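Chemist: Sharing a structure below in structure tokens format, with a few things to ask.
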Amino acid sequence: MSKFVLLINFNYEPLNFITEKRALKLYFKNKVDVISNWQQGITYSGGEFKIPSILKLKKYIKRYIHNPIYSKYNLVLRDKSICQYCNKLITGKNLTLDHIIPISRGGKSNYTNVVVSCFNCNNNKGNRTPEESNMPVLKKPEKPNFSFIDYFEDKLNGCWHEDWKDYIPR
Ligand SMILES: [Zn+2]
């Protein structure tokens, strides 16, 4: 299984998780310093190389800001794939987005009016408000404020290096 490499800025801010391949490229271009390694090594034409677990950029780059633009991806991330009406975990095609105040009634497409909903709840609620349908929203939806790790939890898929905890707020 391939490992992820935490890329940190010159000032130690976490920036991204990158692949081994990308990590090697940065290393051989002399753009990074190795802070710590995985146990495993990779062989390449020039010999063997320990897979880094943390790389630090030699030059400061302007920070990538996690501005949560309005998107289905970010809504699902915010609501953790849980139907905001019946509290069930939803997968696949059952996952829909529901406008709390329907568009036809003047509802907007934004973080405070759209929630993740299962197909059944969405269908039952139809063109009605929560009051009319007697389907209250579990919690008042807000613009999410994701932490660094929120964005990568799925991608990392359980991959974790102990040294990362010094750089990433969890
Ligand atoms: Zn539901």
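Each chain in the structure tokens gets a letter, A, B, ..., in the order shown, and its residues are numbered from 1; ligands are numbered from 1 in order too.
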Pull the strand (DSSP E or B) assignments for stretch 1-116 of chain A out of DSSP run on the backbone, and list those residues as a PDB file with N, CA and C atoms, in the first residue's frame.
Modeler:
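Result went into part-v5.pdb, see below:
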```pdb
ATOM      1  N   PHE A   4       1.135   8.136   2.252  1.00  0.00           N
ATOM      2  CA  PHE A   4       0.990   9.562   1.980  1.00  0.00           C
ATOM      3  C   PHE A   4       2.115  10.331   2.660  1.00  0.00           C
ATOM      4  N   VAL A   5       2.396  11.475   2.088  1.00  0.00           N
ATOM      5  CA  VAL A   5       3.458  12.318   2.609  1.00  0.00           C
ATOM      6  C   VAL A   5       2.855  13.674   2.966  1.00  0.00           C
ATOM      7  N   LEU A   6       3.069  14.091   4.198  1.00  0.00           N
ATOM      8  CA  LEU A   6       2.558  15.401   4.613  1.00  0.00           C
ATOM      9  C   LEU A   6       3.537  16.481   4.156  1.00  0.00           C
ATOM     10  N   LEU A   7       3.011  17.407   3.361  1.00  0.00           N
ATOM     11  CA  LEU A   7       3.836  18.520   2.907  1.00  0.00           C
ATOM     12  C   LEU A   7       3.547  19.725   3.797  1.00  0.00           C
ATOM     13  N   ILE A   8       4.587  20.259   4.410  1.00  0.00           N
ATOM     14  CA  ILE A   8       4.380  21.438   5.251  1.00  0.00           C
ATOM     15  C   ILE A   8       5.141  22.631   4.676  1.00  0.00           C
ATOM     16  N   PRO A  14       0.706  23.001   7.880  1.00  0.00           N
ATOM     17  CA  PRO A  14       0.398  21.889   6.988  1.00  0.00           C
ATOM     18  C   PRO A  14      -0.231  22.403   5.701  1.00  0.00           C
ATOM     19  N   LEU A  15       0.184  21.855   4.548  1.00  0.00           N
ATOM     20  CA  LEU A  15      -0.341  22.321   3.262  1.00  0.00           C
ATOM     21  C   LEU A  15      -1.171  21.276   2.543  1.00  0.00           C
ATOM     22  N   ASN A  16      -0.684  20.041   2.543  1.00  0.00           N
ATOM     23  CA  ASN A  16      -1.328  19.037   1.703  1.00  0.00           C
ATOM     24  C   ASN A  16      -0.781  17.658   2.038  1.00  0.00           C
ATOM     25  N   PHE A  17      -1.524  16.641   1.632  1.00  0.00           N
ATOM     26  CA  PHE A  17      -0.976  15.297   1.612  1.00  0.00           C
ATOM     27  C   PHE A  17      -0.678  14.950   0.168  1.00  0.00           C
ATOM     28  N   ILE A  18       0.524  14.521  -0.102  1.00  0.00           N
ATOM     29  CA  ILE A  18       0.903  14.222  -1.479  1.00  0.00           C
ATOM     30  C   ILE A  18       1.332  12.762  -1.604  1.00  0.00           C
ATOM     31  N   THR A  19       1.421  12.298  -2.847  1.00  0.00           N
ATOM     32  CA  THR A  19       1.800  10.906  -3.094  1.00  0.00           C
ATOM     33  C   THR A  19       3.321  10.755  -3.003  1.00  0.00           C
ATOM     34  N   VAL A  32      12.568  20.585  -1.081  1.00  0.00           N
ATOM     35  CA  VAL A  32      12.088  20.223   0.261  1.00  0.00           C
ATOM     36  C   VAL A  32      13.184  19.622   1.134  1.00  0.00           C
ATOM     37  N   ASP A  33      12.964  19.699   2.440  1.00  0.00           N
ATOM     38  CA  ASP A  33      13.792  18.975   3.398  1.00  0.00           C
ATOM     39  C   ASP A  33      12.962  17.850   3.999  1.00  0.00           C
ATOM     40  N   VAL A  34      13.589  16.726   4.257  1.00  0.00           N
ATOM     41  CA  VAL A  34      12.880  15.611   4.879  1.00  0.00           C
ATOM     42  C   VAL A  34      12.874  15.813   6.390  1.00  0.00           C
ATOM     43  N   ILE A  35      11.696  15.794   6.974  1.00  0.00           N
ATOM     44  CA  ILE A  35      11.564  15.976   8.422  1.00  0.00           C
ATOM     45  C   ILE A  35      11.489  14.614   9.119  1.00  0.00           C
ATOM     46  N   SER A  36      10.703  13.697   8.533  1.00  0.00           N
ATOM     47  CA  SER A  36      10.690  12.337   9.075  1.00  0.00           C
ATOM     48  C   SER A  36      10.319  11.354   7.967  1.00  0.00           C
ATOM     49  N   ASN A  37      10.532  10.071   8.247  1.00  0.00           N
ATOM     50  CA  ASN A  37      10.352   9.025   7.231  1.00  0.00           C
ATOM     51  C   ASN A  37       9.393   7.946   7.693  1.00  0.00           C
ATOM     52  N   TRP A  38       8.833   7.244   6.725  1.00  0.00           N
ATOM     53  CA  TRP A  38       8.160   5.974   6.997  1.00  0.00           C
ATOM     54  C   TRP A  38       9.266   4.921   7.141  1.00  0.00           C
ATOM     55  N   GLN A  39       8.900   3.772   7.688  1.00  0.00           N
ATOM     56  CA  GLN A  39       9.857   2.658   7.780  1.00  0.00           C
ATOM     57  C   GLN A  39      10.215   2.137   6.390  1.00  0.00           C
ATOM     58  N   GLN A  40       9.220   2.116   5.526  1.00  0.00           N
ATOM     59  CA  GLN A  40       9.379   1.509   4.210  1.00  0.00           C
ATOM     60  C   GLN A  40      10.255   2.341   3.274  1.00  0.00           C
ATOM     61  N   GLY A  41      10.928   1.640   2.381  1.00  0.00           N
ATOM     62  CA  GLY A  41      11.709   2.322   1.365  1.00  0.00           C
ATOM     63  C   GLY A  41      11.156   2.030  -0.020  1.00  0.00           C
ATOM     64  N   ILE A  42      11.551   2.824  -0.980  1.00  0.00           N
ATOM     65  CA  ILE A  42      11.205   2.513  -2.367  1.00  0.00           C
ATOM     66  C   ILE A  42      12.508   2.436  -3.154  1.00  0.00           C
ATOM     67  N   THR A  43      12.539   1.506  -4.077  1.00  0.00           N
ATOM     68  CA  THR A  43      13.736   1.417  -4.925  1.00  0.00           C
ATOM     69  C   THR A  43      13.478   2.173  -6.211  1.00  0.00           C
ATOM     70  N   TYR A  44      14.456   2.871  -6.654  1.00  0.00           N
ATOM     71  CA  TYR A  44      14.382   3.571  -7.941  1.00  0.00           C
ATOM     72  C   TYR A  44      15.713   3.350  -8.635  1.00  0.00           C
ATOM     73  N   GLY A  47      18.936   3.787  -6.617  1.00  0.00           N
ATOM     74  CA  GLY A  47      19.152   3.080  -5.362  1.00  0.00           C
ATOM     75  C   GLY A  47      17.886   2.972  -4.537  1.00  0.00           C
ATOM     76  N   GLU A  48      18.043   2.921  -3.206  1.00  0.00           N
ATOM     77  CA  GLU A  48      16.861   2.847  -2.371  1.00  0.00           C
ATOM     78  C   GLU A  48      16.654   4.164  -1.641  1.00  0.00           C
ATOM     79  N   PHE A  49      15.416   4.467  -1.385  1.00  0.00           N
ATOM     80  CA  PHE A  49      15.073   5.749  -0.799  1.00  0.00           C
ATOM     81  C   PHE A  49      13.975   5.529   0.223  1.00  0.00           C
ATOM     82  N   LYS A  50      14.179   6.000   1.422  1.00  0.00           N
ATOM     83  CA  LYS A  50      13.120   5.886   2.440  1.00  0.00           C
ATOM     84  C   LYS A  50      11.969   6.818   2.071  1.00  0.00           C
ATOM     85  N   ILE A  51      10.770   6.312   2.188  1.00  0.00           N
ATOM     86  CA  ILE A  51       9.618   7.165   1.885  1.00  0.00           C
ATOM     87  C   ILE A  51       9.484   8.207   2.986  1.00  0.00           C
ATOM     88  N   PRO A  52       9.506   9.481   2.616  1.00  0.00           N
ATOM     89  CA  PRO A  52       9.350  10.497   3.668  1.00  0.00           C
ATOM     90  C   PRO A  52       7.912  10.516   4.188  1.00  0.00           C
ATOM     91  N   SER A  53       7.731  10.826   5.464  1.00  0.00           N
ATOM     92  CA  SER A  53       6.372  10.991   5.992  1.00  0.00           C
ATOM     93  C   SER A  53       6.041  12.477   6.108  1.00  0.00           C
ATOM     94  N   ILE A  54       7.088  13.288   6.269  1.00  0.00           N
ATOM     95  CA  ILE A  54       6.885  14.740   6.308  1.00  0.00           C
ATOM     96  C   ILE A  54       7.975  15.432   5.485  1.00  0.00           C
ATOM     97  N   LEU A  55       7.555  16.305   4.605  1.00  0.00           N
ATOM     98  CA  LEU A  55       8.489  17.123   3.833  1.00  0.00           C
ATOM     99  C   LEU A  55       8.203  18.588   4.112  1.00  0.00           C
ATOM    100  N   LYS A  56       9.273  19.350   4.263  1.00  0.00           N
ATOM    101  CA  LYS A  56       9.109  20.781   4.529  1.00  0.00           C
ATOM    102  C   LYS A  56       9.677  21.569   3.352  1.00  0.00           C
ATOM    103  N   LEU A  57       8.887  22.489   2.843  1.00  0.00           N
ATOM    104  CA  LEU A  57       9.333  23.314   1.716  1.00  0.00           C
ATOM    105  C   LEU A  57      10.495  24.206   2.134  1.00  0.00           C
ATOM    106  N   ILE A  82     -25.087  12.206   6.345  1.00  0.00           N
ATOM    107  CA  ILE A  82     -26.224  11.822   7.192  1.00  0.00           C
ATOM    108  C   ILE A  82     -27.449  12.648   6.818  1.00  0.00           C
ATOM    109  N   LEU A  89     -27.456   7.302   7.892  1.00  0.00           N
ATOM    110  CA  LEU A  89     -26.299   7.409   7.008  1.00  0.00           C
ATOM    111  C   LEU A  89     -26.732   7.000   5.597  1.00  0.00           C
ATOM    112  N   LEU A  95     -28.427   9.442  -1.823  1.00  0.00           N
ATOM    113  CA  LEU A  95     -28.001  10.732  -1.278  1.00  0.00           C
ATOM    114  C   LEU A  95     -28.461  11.872  -2.189  1.00  0.00           C
ATOM    115  N   THR A  96     -29.301  12.726  -1.640  1.00  0.00           N
ATOM    116  CA  THR A  96     -29.775  13.883  -2.407  1.00  0.00           C
ATOM    117  C   THR A  96     -29.550  15.145  -1.589  1.00  0.00           C
ATOM    118  N   LEU A  97     -29.706  16.272  -2.247  1.00  0.00           N
ATOM    119  CA  LEU A  97     -29.650  17.550  -1.528  1.00  0.00           C
ATOM    120  C   LEU A  97     -31.056  18.118  -1.468  1.00  0.00           C
ATOM    121  N   ASP A  98     -31.439  18.609  -0.304  1.00  0.00           N
ATOM    122  CA  ASP A  98     -32.776  19.176  -0.163  1.00  0.00           C
ATOM    123  C   ASP A  98     -32.706  20.657   0.198  1.00  0.00           C
ATOM    124  N   HIS A  99     -33.535  21.440  -0.507  1.00  0.00           N
ATOM    125  CA  HIS A  99     -33.691  22.844  -0.144  1.00  0.00           C
ATOM    126  C   HIS A  99     -34.721  22.917   0.981  1.00  0.00           C
ATOM    127  N   VAL A 114     -29.596  24.526   2.339  1.00  0.00           N
ATOM    128  CA  VAL A 114     -29.500  23.218   1.688  1.00  0.00           C
ATOM    129  C   VAL A 114     -28.845  22.211   2.625  1.00  0.00           C
ATOM    130  N   VAL A 115     -29.463  21.042   2.706  1.00  0.00           N
ATOM    131  CA  VAL A 115     -28.910  19.986   3.558  1.00  0.00           C
ATOM    132  C   VAL A 115     -28.894  18.657   2.799  1.00  0.00           C
ATOM    133  N   VAL A 116     -28.106  17.732   3.303  1.00  0.00           N
ATOM    134  CA  VAL A 116     -28.089  16.374   2.758  1.00  0.00           C
ATOM    135  C   VAL A 116     -29.351  15.660   3.241  1.00  0.00           C
TER     136      VAL A 116
END
```
Chemist: Please provide the set of residues having any atom within 9 Å of A:Met135, restricted to only C-alpha atoms, with same-chain residues fewer than 5 positions apart removed, written as a list in words.
Modeler: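 Contacts, in chain order: Tyr85, Cys86, Cys121, Lys125, Thr129 and Pro130 of chain A.
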Chemist: At a cut-off of 7 Å, can you tabulate as a tab-separated table every residue of chain A near ligand 1 together with its closest atom pair and the distance in Å to one decimal, using only C-alpha atoms and all ligand atoms and ordering rows by chain then number?
Modeler:
```
residue	atom	partner	partner_atom_place_in_ligand_line	distance
A:Cys83	CA	ligand 1	1 (Zn)	4.7
A:Gln84	CA	ligand 1	1 (Zn)	6.7
A:Tyr85	CA	ligand 1	1 (Zn)	5.0
A:Cys86	CA	ligand 1	1 (Zn)	4.1
A:Asn87	CA	ligand 1	1 (Zn)	6.3
A:Lys88	CA	ligand 1	1 (Zn)	6.1
A:Ser117	CA	ligand 1	1 (Zn)	5.4
A:Cys118	CA	ligand 1	1 (Zn)	4.2
A:Phe119	CA	ligand 1	1 (Zn)	6.8
A:Asn120	CA	ligand 1	1 (Zn)	5.9
A:Cys121	CA	ligand 1	1 (Zn)	4.3
```
Chemist: How would the residues just chosen look if you wrote them out with C-alpha atoms as a PDB file, in the first residue's frame?
Modeler:
```
ATOM      1  CA  CYS A  83     -29.814  12.646   6.272  1.00  0.00           C
ATOM      2  CA  GLN A  84     -30.643  15.864   8.102  1.00  0.00           C
ATOM      3  CA  TYR A  85     -34.256  14.770   8.548  1.00  0.00           C
ATOM      4  CA  CYS A  86     -34.144  11.109   9.613  1.00  0.00           C
ATOM      5  CA  ASN A  87     -30.525  10.936  10.859  1.00  0.00           C
ATOM      6  CA  LYS A  88     -29.623   7.897   8.732  1.00  0.00           C
ATOM      7  CA  SER A 117     -31.239  14.283   2.647  1.00  0.00           C
ATOM      8  CA  CYS A 118     -32.048  10.676   1.816  1.00  0.00           C
ATOM      9  CA  PHE A 119     -34.218  10.098  -1.227  1.00  0.00           C
ATOM     10  CA  ASN A 120     -37.251   9.128   0.874  1.00  0.00           C
ATOM     11  CA  CYS A 121     -37.202  12.180   3.114  1.00  0.00           C
TER      12      CYS A 121
END
```
Chemist: For a test of reading the model, state the distance in Å between atom CA of A:Asn122 and atom CA of A:Glu153, rounded to one decimal.
Modeler: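 We find that atom CA of A:Asn122 and atom CA of A:Glu153 lie 27.6 Å from each other.
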Chemist: Could you check the closest approach to A:Lys139 for each of A:Asn123, A:Ser81, A:Thr112, A:Asn9 and tell me which residue wins, using only C-alpha atoms?
Modeler: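 Among the listed residues, A:Thr112 lies closest to A:Lys139.
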Chemist: With only C-alpha atoms as the atoms that count, which of A:Lys143, A:Phe10, A:His161, A:Lys58 lies nearest to A:Tyr27?
Modeler: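 Closest candidate: A:Lys58.
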Chemist: Do you have the atom CA of A:Asn134-atom CA of A:Tyr73 distance handy?
Modeler: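 These two atoms are separated by 27.5 Å.
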Chemist: For atom CA of A:Tyr167 and atom CA of A:Arg78, quote the distance in Å rounded to one decimal.
Modeler: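 So the two atoms, atom CA of A:Tyr167 and atom CA of A:Arg78, lie 23.1 Å apart.
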Chemist: May I have the residues within 10 Å of A:Tyr70 as an NGL selection string, using only C-alpha atoms and disregarding those fewer than 5 positions away in the same chain?
Modeler: :A and (75 or 109-111 or 114 or 143-144)
Chemist: With N, CA, C and O atoms kept, could you save the residues just selected as a short mmCIF file (atom, residue, chain, number, x, y, z; two decimals), in the first residue's frame?
Modeler:
```
data_model
loop_
_atom_site.label_atom_id
_atom_site.label_comp_id
_atom_site.auth_asym_id
_atom_site.auth_seq_id
_atom_site.Cartn_x
_atom_site.Cartn_y
_atom_site.Cartn_z
N LEU A 75 -21.05 20.07 1.03
CA LEU A 75 -22.27 19.85 1.81
C LEU A 75 -22.28 18.44 2.40
O LEU A 75 -22.63 18.24 3.56
N SER A 109 -30.06 28.59 -2.92
CA SER A 109 -29.07 27.52 -2.89
C SER A 109 -27.84 28.01 -2.16
O SER A 109 -26.95 28.60 -2.76
N ASN A 110 -27.83 27.82 -0.87
CA ASN A 110 -26.65 28.20 -0.09
C ASN A 110 -26.52 27.30 1.13
O ASN A 110 -27.36 26.42 1.36
N TYR A 111 -25.46 27.54 1.89
CA TYR A 111 -25.17 26.65 3.02
C TYR A 111 -26.24 26.65 4.10
O TYR A 111 -26.36 25.69 4.85
N VAL A 114 -29.60 24.53 2.34
CA VAL A 114 -29.50 23.22 1.69
C VAL A 114 -28.85 22.21 2.62
O VAL A 114 -27.85 22.51 3.28
N LYS A 143 -22.60 27.60 7.26
CA LYS A 143 -21.42 27.50 6.42
C LYS A 143 -20.35 26.72 7.20
O LYS A 143 -20.06 27.05 8.35
N PRO A 144 -19.82 25.66 6.60
CA PRO A 144 -18.88 24.83 7.37
C PRO A 144 -17.55 25.51 7.60
O PRO A 144 -17.13 26.37 6.84
#
```
Chemist: Counting only C-alpha atoms, what is within 12 Å of A:Asn145, bar same-chain residues fewer than 2 positions away, as a compact mmCIF listing (two decimals) with N, CA and C atoms, in the first residue's frame?
Modeler:
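This went into result_38.txt:
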```txt
# COMPACT_ATOMS: atom_id res chain seq x y z
N ILE A 65 -5.80 28.44 1.18
CA ILE A 65 -6.85 28.67 2.17
C ILE A 65 -8.05 27.77 1.90
N HIS A 66 -8.46 27.11 2.95
CA HIS A 66 -9.60 26.19 2.81
C HIS A 66 -10.90 26.98 2.83
N ASN A 67 -11.16 27.65 1.75
CA ASN A 67 -12.41 28.38 1.69
C ASN A 67 -13.49 27.45 1.16
N PRO A 68 -14.44 27.10 2.00
CA PRO A 68 -15.43 26.12 1.56
C PRO A 68 -16.45 26.71 0.59
N ILE A 69 -16.14 26.64 -0.70
CA ILE A 69 -17.08 27.11 -1.71
C ILE A 69 -18.33 26.23 -1.65
N ASN A 74 -18.82 19.66 -0.56
CA ASN A 74 -18.64 20.27 0.76
C ASN A 74 -19.87 20.12 1.65
N LEU A 75 -21.05 20.07 1.03
CA LEU A 75 -22.27 19.85 1.81
C LEU A 75 -22.28 18.44 2.40
N LEU A 77 -19.67 16.64 2.97
CA LEU A 77 -18.61 16.64 3.99
C LEU A 77 -19.14 17.25 5.30
N ARG A 78 -19.84 18.36 5.18
CA ARG A 78 -20.38 19.03 6.36
C ARG A 78 -21.39 18.15 7.10
N ASP A 79 -22.31 17.56 6.34
CA ASP A 79 -23.37 16.75 6.97
C ASP A 79 -22.96 15.30 7.16
N TYR A 111 -25.46 27.54 1.89
CA TYR A 111 -25.17 26.65 3.02
C TYR A 111 -26.24 26.65 4.10
N PRO A 141 -28.46 24.42 9.66
CA PRO A 141 -27.28 24.31 8.79
C PRO A 141 -26.53 25.63 8.69
N GLU A 142 -25.20 25.53 8.70
CA GLU A 142 -24.36 26.72 8.61
C GLU A 142 -23.23 26.50 7.63
N LYS A 143 -22.60 27.60 7.26
CA LYS A 143 -21.42 27.50 6.42
C LYS A 143 -20.35 26.72 7.20
N SER A 147 -11.60 21.79 9.22
CA SER A 147 -10.21 21.77 9.65
C SER A 147 -9.39 21.13 8.53
N PHE A 148 -8.10 21.27 8.61
CA PHE A 148 -7.21 20.72 7.61
C PHE A 148 -7.49 19.23 7.37
N ILE A 149 -7.64 18.49 8.46
CA ILE A 149 -7.77 17.04 8.34
C ILE A 149 -9.12 16.62 7.75
N ASP A 150 -10.16 17.44 7.94
CA ASP A 150 -11.48 17.11 7.36
C ASP A 150 -11.38 16.83 5.87
N TYR A 151 -10.53 17.62 5.20
CA TYR A 151 -10.42 17.51 3.76
C TYR A 151 -9.75 16.22 3.31
```
Chemist: Give me, as a PyMOL selection string, the residues of stretch 16-168 of chain A that a backbone DSSP run labels helix (DSSP H, G or I).
Modeler: chain A and resi 20-28+72-79+92-94+103-105+119-125+130-133+148-151+153-156+162-166
Chemist: Save out the residues we just selected, C-alpha atoms, as an mmCIF file, in the first residue's frame.
Modeler:
```
data_model
loop_
_atom_site.group_PDB
_atom_site.id
_atom_site.type_symbol
_atom_site.label_atom_id
_atom_site.label_comp_id
_atom_site.auth_asym_id
_atom_site.auth_seq_id
_atom_site.Cartn_x
_atom_site.Cartn_y
_atom_site.Cartn_z
ATOM 1 C CA GLU A 20 5.189 9.204 -2.834
ATOM 2 C CA LYS A 21 5.810 9.981 -6.473
ATOM 3 C CA ARG A 22 5.182 13.696 -6.058
ATOM 4 C CA ALA A 23 7.288 13.655 -2.899
ATOM 5 C CA LEU A 24 10.253 12.169 -4.751
ATOM 6 C CA LYS A 25 9.938 14.763 -7.485
ATOM 7 C CA LEU A 26 10.029 17.618 -4.980
ATOM 8 C CA TYR A 27 12.955 15.999 -3.209
ATOM 9 C CA PHE A 28 15.075 15.515 -6.306
ATOM 10 C CA LYS A 72 -22.293 19.224 -3.177
ATOM 11 C CA TYR A 73 -18.959 17.794 -2.098
ATOM 12 C CA ASN A 74 -18.638 20.265 0.762
ATOM 13 C CA LEU A 75 -22.273 19.849 1.807
ATOM 14 C CA VAL A 76 -21.813 16.083 2.043
ATOM 15 C CA LEU A 77 -18.614 16.637 3.991
ATOM 16 C CA ARG A 78 -20.381 19.029 6.357
ATOM 17 C CA ASP A 79 -23.371 16.755 6.965
ATOM 18 C CA GLY A 92 -24.904 6.119 -3.339
ATOM 19 C CA LYS A 93 -27.939 7.278 -5.274
ATOM 20 C CA ASN A 94 -29.970 7.606 -2.102
ATOM 21 C CA ILE A 103 -36.652 27.000 -4.599
ATOM 22 C CA SER A 104 -40.222 27.417 -5.857
ATOM 23 C CA ARG A 105 -41.004 29.184 -2.581
ATOM 24 C CA PHE A 119 -34.218 10.098 -1.227
ATOM 25 C CA ASN A 120 -37.251 9.128 0.874
ATOM 26 C CA CYS A 121 -37.202 12.180 3.114
ATOM 27 C CA ASN A 122 -36.634 14.463 0.140
ATOM 28 C CA ASN A 123 -39.536 12.856 -1.671
ATOM 29 C CA ASN A 124 -41.852 12.933 1.362
ATOM 30 C CA LYS A 125 -41.112 16.558 2.073
ATOM 31 C CA PRO A 130 -40.270 21.881 7.356
ATOM 32 C CA GLU A 131 -43.284 23.317 9.242
ATOM 33 C CA GLU A 132 -45.799 22.301 6.580
ATOM 34 C CA SER A 133 -44.369 18.802 6.243
ATOM 35 C CA PHE A 148 -7.206 20.716 7.609
ATOM 36 C CA ILE A 149 -7.767 17.043 8.336
ATOM 37 C CA ASP A 150 -11.477 17.113 7.359
ATOM 38 C CA TYR A 151 -10.423 17.511 3.762
ATOM 39 C CA GLU A 153 -9.796 11.994 6.090
ATOM 40 C CA ASP A 154 -11.308 9.991 3.221
ATOM 41 C CA LYS A 155 -8.245 10.213 1.041
ATOM 42 C CA LEU A 156 -5.943 9.014 3.819
ATOM 43 C CA GLU A 162 2.680 9.378 14.434
ATOM 44 C CA ASP A 163 4.872 12.395 13.644
ATOM 45 C CA TRP A 164 2.007 14.116 11.806
ATOM 46 C CA LYS A 165 0.266 14.927 15.057
ATOM 47 C CA ASP A 166 2.850 17.625 15.788
#
```
